[in-house]
$ cat start-v9.cif   # mmCIF, C-alpha atoms
data_query
loop_
_atom_site.label_atom_id
_atom_site.label_comp_id
_atom_site.auth_asym_id
_atom_site.auth_seq_id
_atom_site.Cartn_x
_atom_site.Cartn_y
_atom_site.Cartn_z
CA MET V 723 -15.88 -116.89 108.15
CA THR V 724 -16.84 -116.35 111.77
CA GLY V 725 -17.57 -118.54 114.75
CA SER V 726 -16.44 -119.43 118.22
CA THR V 727 -12.78 -119.28 119.18
CA PRO V 728 -11.10 -122.41 117.82
CA THR V 729 -8.83 -124.39 120.10
CA ARG V 730 -6.29 -125.11 117.31
CA GLY V 731 -5.04 -122.62 114.75
CA LEU V 732 -2.22 -121.90 112.35
CA VAL V 733 -0.39 -118.67 113.06
CA ASP V 734 1.20 -116.28 110.60
CA THR V 735 4.91 -115.55 110.97
CA ASN V 736 4.21 -112.18 112.61
CA ILE V 737 2.53 -113.94 115.54
CA ILE V 738 5.71 -115.90 116.30
CA ILE V 739 7.88 -112.79 115.93
CA GLN V 740 5.64 -110.67 118.17
CA TRP V 741 4.71 -113.48 120.60
CA ALA V 742 5.85 -111.73 123.80
CA ARG V 743 3.85 -108.59 122.91
CA LEU V 744 0.54 -110.31 122.20
CA ASP V 745 -2.37 -111.14 124.48
CA PRO V 746 -2.32 -114.96 124.76
CA ALA V 747 -6.10 -114.94 125.33
CA ARG V 748 -6.47 -113.82 121.68
CA LEU V 749 -4.61 -116.92 120.40
CA PRO V 750 -5.79 -120.51 120.03
CA ASP V 751 -4.99 -123.03 122.75
CA GLU V 752 -2.95 -125.10 120.28
CA ILE V 753 -0.57 -123.11 118.07
CA VAL V 754 0.52 -124.59 114.73
CA ILE V 755 3.00 -123.11 112.24
CA SER V 756 3.71 -123.88 108.60
CA SER V 757 7.03 -124.68 106.99
CA VAL V 758 6.69 -121.32 105.21
CA THR V 759 6.85 -119.56 108.59
CA LEU V 760 9.98 -121.51 109.43
CA ALA V 761 11.46 -120.42 106.09
CA GLU V 762 10.64 -116.77 106.81
CA LEU V 763 12.15 -117.05 110.29
CA SER V 764 15.27 -118.64 108.77
CA ALA V 765 15.67 -115.72 106.36
CA GLY V 766 15.08 -113.02 108.99
CA PRO V 767 18.55 -112.93 110.60
CA HIS V 768 20.17 -112.36 107.19
CA TYR V 769 18.33 -109.06 106.83
CA ALA V 770 19.56 -107.62 110.13
CA ASP V 771 22.64 -105.40 110.03
CA ASP V 772 22.66 -104.81 113.77
CA PRO V 773 24.28 -107.72 115.70
CA SER V 774 21.78 -107.40 118.58
CA GLU V 775 18.83 -107.56 116.22
CA ARG V 776 20.39 -110.49 114.37
CA ALA V 777 20.85 -112.33 117.68
CA ARG V 778 17.20 -111.65 118.61
CA ARG V 779 16.01 -113.05 115.29
CA ILE V 780 18.21 -116.14 115.65
CA ASN V 781 16.73 -116.66 119.12
CA VAL V 782 13.18 -116.52 117.71
CA LEU V 783 14.16 -118.97 114.95
CA GLN V 784 15.81 -121.41 117.36
CA HIS V 785 12.83 -121.26 119.70
CA ALA V 786 10.42 -121.98 116.84
CA GLU V 787 12.58 -124.89 115.65
CA ALA V 788 12.65 -126.35 119.16
CA VAL V 789 8.94 -125.95 119.85
CA PHE V 790 7.08 -126.56 116.58
CA GLU V 791 6.77 -129.33 114.02
CA PRO V 792 5.66 -127.25 111.01
CA LEU V 793 2.86 -128.35 108.74
CA PRO V 794 4.31 -128.72 105.23
CA PHE V 795 3.58 -126.71 102.14
CA ASP V 796 2.83 -129.84 100.12
CA GLY V 797 1.02 -130.71 96.88
CA ASP V 798 -2.40 -130.08 98.39
CA ALA V 799 -1.26 -126.69 99.66
CA ALA V 800 0.20 -125.89 96.23
CA ARG V 801 -3.19 -126.55 94.63
CA SER V 802 -4.89 -124.45 97.30
CA PHE V 803 -2.38 -121.67 96.56
CA GLY V 804 -3.87 -121.39 93.07
CA LEU V 805 -7.39 -121.08 94.50
CA LEU V 806 -6.30 -118.44 97.00
CA SER V 807 -4.37 -116.50 94.34
CA ALA V 808 -7.51 -116.43 92.20
CA ALA V 809 -9.51 -115.07 95.16
CA VAL V 810 -6.96 -112.31 95.80
CA LEU V 811 -6.93 -111.35 92.12
CA ALA V 812 -10.76 -111.38 92.05
CA ALA V 813 -10.68 -108.94 94.99
CA GLY V 814 -8.66 -106.56 92.79
CA ARG V 815 -5.38 -107.12 94.62
CA LYS V 816 -1.99 -108.29 93.42
CA THR V 817 -0.37 -111.49 94.64
CA ARG V 818 3.27 -110.45 94.04
CA ARG V 819 3.98 -109.16 97.59
CA ARG V 820 1.76 -111.80 99.18
CA ILE V 821 3.46 -115.02 98.06
CA ALA V 822 4.54 -116.19 101.55
CA ASP V 823 1.24 -115.03 103.08
CA LEU V 824 -0.74 -116.95 100.47
CA MET V 825 1.43 -120.03 100.99
CA ILE V 826 0.75 -119.87 104.76
CA ALA V 827 -2.98 -119.37 104.11
CA SER V 828 -2.88 -122.36 101.74
CA VAL V 829 -1.49 -124.57 104.51
CA ALA V 830 -4.25 -123.34 106.84
CA HIS V 831 -6.88 -123.99 104.17
CA VAL V 832 -5.88 -127.59 103.36
CA ASN V 833 -5.61 -128.44 107.06
CA GLY V 834 -8.97 -126.85 107.90
CA LEU V 835 -7.40 -124.44 110.38
CA PRO V 836 -8.15 -120.79 111.12
CA LEU V 837 -5.26 -118.44 110.38
CA TYR V 838 -4.21 -116.03 113.14
CA THR V 839 -2.37 -112.85 112.13
CA THR V 840 -1.60 -109.33 113.27
CA ASN V 841 -1.82 -108.26 109.61
CA PRO V 842 -5.34 -109.18 108.43
CA ASP V 843 -5.03 -106.80 105.47
CA ASP V 844 -2.51 -109.25 103.98
CA PHE V 845 -5.37 -111.74 103.57
CA VAL V 846 -8.13 -109.55 102.09
CA GLY V 847 -10.19 -111.53 99.61
CA LEU V 848 -9.77 -114.88 101.37
CA ASP V 849 -12.58 -114.57 103.94
CA SER V 850 -14.88 -117.00 102.09
CA ILE V 851 -12.11 -119.64 101.91
CA VAL V 852 -9.97 -119.29 105.05
CA GLN V 853 -11.04 -118.07 108.48
CA VAL V 854 -8.64 -115.18 109.19
CA VAL V 855 -8.51 -114.19 112.85
CA SER V 856 -7.12 -110.74 113.56
CA VAL V 857 -4.88 -110.51 116.63
CA PRO V 858 -4.39 -106.94 117.86
CA SER V 859 -0.82 -105.70 118.08
CA ASN V 860 0.48 -102.28 118.95
CA CYS V 861 3.83 -102.71 117.23
CA GLN V 862 5.20 -102.83 113.71
CA ASP V 863 8.26 -105.03 113.76
CA LEU V 864 11.22 -104.11 111.54
CA TRP V 865 11.64 -107.80 110.84
CA MET V 866 8.24 -107.90 109.13
CA ARG V 867 9.31 -104.99 106.92
CA ASP V 868 12.44 -106.96 105.97
CA LEU V 869 10.37 -110.07 105.23
CA ASP V 870 8.01 -108.03 103.05
CA GLN V 871 11.03 -106.82 101.08
CA ALA V 872 12.34 -110.38 100.83
CA ALA V 873 8.98 -111.49 99.41
CA VAL V 874 9.22 -108.86 96.70
CA THR V 875 12.78 -109.93 95.90
CA ALA V 876 11.81 -113.63 95.78
CA SER V 877 8.78 -112.85 93.63
CA GLU V 878 10.92 -110.88 91.19
CA ALA V 879 13.34 -113.83 91.03
CA GLY V 880 10.45 -116.21 90.21
CA VAL V 881 10.55 -118.10 93.49
CA GLY V 882 7.28 -119.11 94.61
CA THR V 883 7.39 -126.07 102.23
CA GLY V 884 3.95 -130.18 110.19
CA ARG V 885 5.11 -129.26 113.61
CA SER V 886 2.22 -128.76 115.99
CA THR V 887 2.25 -128.01 119.65
CA SER V 888 0.06 -126.64 122.35
CA LEU V 889 1.71 -123.56 123.76
CA PRO V 890 0.92 -122.80 127.36
CA ARG V 891 -0.43 -119.38 128.21
CA SER V 892 3.05 -118.42 129.44
CA ASN V 893 6.29 -118.12 127.47
CA ARG V 894 7.57 -121.50 128.67
CA ALA V 895 8.32 -123.89 125.82
CA PRO V 896 6.30 -127.11 125.79
CA ALA V 897 7.57 -130.51 124.76
CA ARG V 898 7.85 -131.11 120.99
CA THR V 899 4.97 -132.96 119.40
CA ARG V 900 4.12 -134.13 115.91
CA ALA V 901 1.02 -132.86 114.13
CA THR V 902 -1.58 -135.39 113.12
CA ARG V 903 -3.40 -135.03 109.84
#
$ encode --input "start-v9.cif" --output "structure tokens"
Amino acid sequence: MTGSTPTRGLVDTNIIIQWARLDPARLPDEIVISSVTLAELSAGPHYADDPSERARRINVLQHAEAVFEPLPFDGDAARSFGLLSAAVLAAGRKTRRRIADLMIASVAHVNGLPLYTTNPDDFVGLDSIVQVVSVPSNCQDLWMRDLDQAAVTASEAGVGTGRSTSLPRSNRAPARTRATR
């Protein structure tokens, strides 16, 4: 799906993690996250052995909790998850390592929002269902590697959750707001 730059969009977890390193002009005016992103951010500090890295991840989590009211992964999103899984499988890809990504895409789909990510390859096969907007990044965060490993572990265990806010073009945190649906 293509079109003009939307003013509201759901962002993948990697956007929140890499926020300071991204060009704000490439992001929507109003940033929305899903409860799945909050879950991934909550897990991140537990994968860091280095105390400085753990502290950085906790800071990102606390900032996200203070700024965003996540959109839920609810019953509608769960049904959408099945549709998106079918599309990924039809594209010849496996869903096992993409559980959290597909859950986030499901939340975007049921809320009619474009999905912004620095990892568009994670969403191959969904282009006819969800508008995936690629945001250039020149870094590969270790945290994302850890989250990818956590997704595999959760998938193997058989495991498989809105705050909305307009973020200013600077790194200042806006007031908390509730998403309307």
$ resolve_selection --input "start-v9.cif" --expression "the PyMOL selection byres ((chain V and resi 845) around 10)" --output "list in words"
Leu806, Ala809, Val810, Arg820, Asp823, Leu824, Ala827, Leu837, Thr839, Asn841, Pro842, Asp843, Asp844, Val846, Gly847, Leu848, Asp849, Val852, Gln853 and Val854 of chain V
$ atom_distance --input "start-v9.cif" --atom1 "CA of Ile755 (chain V)" --atom2 "CA of Leu732 (chain V)"
5.4 Å
$ atom_distance --input "start-v9.cif" --atom1 "CA of Phe790 (chain V)" --atom2 "CA of Val733 (chain V)"
11.4 Å
$ closest_residue --input "start-v9.cif" --among "V:Ala822, V:Val857, V:Ile739, V:Leu835" --to "Asn781 (chain V)" --atoms "only C-alpha atoms"
V:Ile739
$ residues_around --input "start-v9.cif" --residues "Arg730 (chain V)" --least-positions-apart "3" --cutoff "6 Å" --atoms "only C-alpha atoms" --output "number ranges by chain"
V: 750-752
$ write_last_selection --input "start-v9.cif" --atoms "C-alpha atoms" --output "JSON list (two decimals), in the frame of the given file"
[["chain", "number", "residue", "atom", "x", "y", "z"],
["V", 750, "PRO", "CA", -5.79, -120.51, 120.03],
["V", 751, "ASP", "CA", -4.99, -123.03, 122.75],
["V", 752, "GLU", "CA", -2.95, -125.10, 120.28]]
$ atom_distance --input "start-v9.cif" --atom1 "CA of Ser802 (chain V)" --atom2 "CA of Thr729 (chain V)"
23.1 Å
$ residues_around --input "start-v9.cif" --residues "Ser764 (chain V)" --least-positions-apart "4" --cutoff "8 Å" --atoms "all atoms listed in the file" --output "list in words"
Leu760, Ile780 and Leu783 of chain V
$ resolve_selection --input "start-v9.cif" --expression "the PyMOL selection byres ((chain V and resi 799) around 8)" --output "NGL selection string"
:V and (795-798 or 800-803 or 825 or 828-829 or 831-832)
$ write_last_selection --input "start-v9.cif" --atoms "C-alpha atoms" --output "PDB file, keeping the file's coordinate frame"
ATOM      1  CA  PHE V 795       3.580-126.710 102.140  1.00  0.00           C
ATOM      2  CA  ASP V 796       2.830-129.840 100.120  1.00  0.00           C
ATOM      3  CA  GLY V 797       1.020-130.710  96.880  1.00  0.00           C
ATOM      4  CA  ASP V 798      -2.400-130.080  98.390  1.00  0.00           C
ATOM      5  CA  ALA V 800       0.200-125.890  96.230  1.00  0.00           C
ATOM      6  CA  ARG V 801      -3.190-126.550  94.630  1.00  0.00           C
ATOM      7  CA  SER V 802      -4.890-124.450  97.300  1.00  0.00           C
ATOM      8  CA  PHE V 803      -2.380-121.670  96.560  1.00  0.00           C
ATOM      9  CA  MET V 825       1.430-120.030 100.990  1.00  0.00           C
ATOM     10  CA  SER V 828      -2.880-122.360 101.740  1.00  0.00           C
ATOM     11  CA  VAL V 829      -1.490-124.570 104.510  1.00  0.00           C
ATOM     12  CA  HIS V 831      -6.880-123.990 104.170  1.00  0.00           C
ATOM     13  CA  VAL V 832      -5.880-127.590 103.360  1.00  0.00           C
TER      14      VAL V 832
END
$ closest_residue --input "start-v9.cif" --among "V:Leu744, V:Ala777, V:Ile851, V:Leu763" --to "Leu805 (chain V)" --atoms "only C-alpha atoms"
V:Ile851
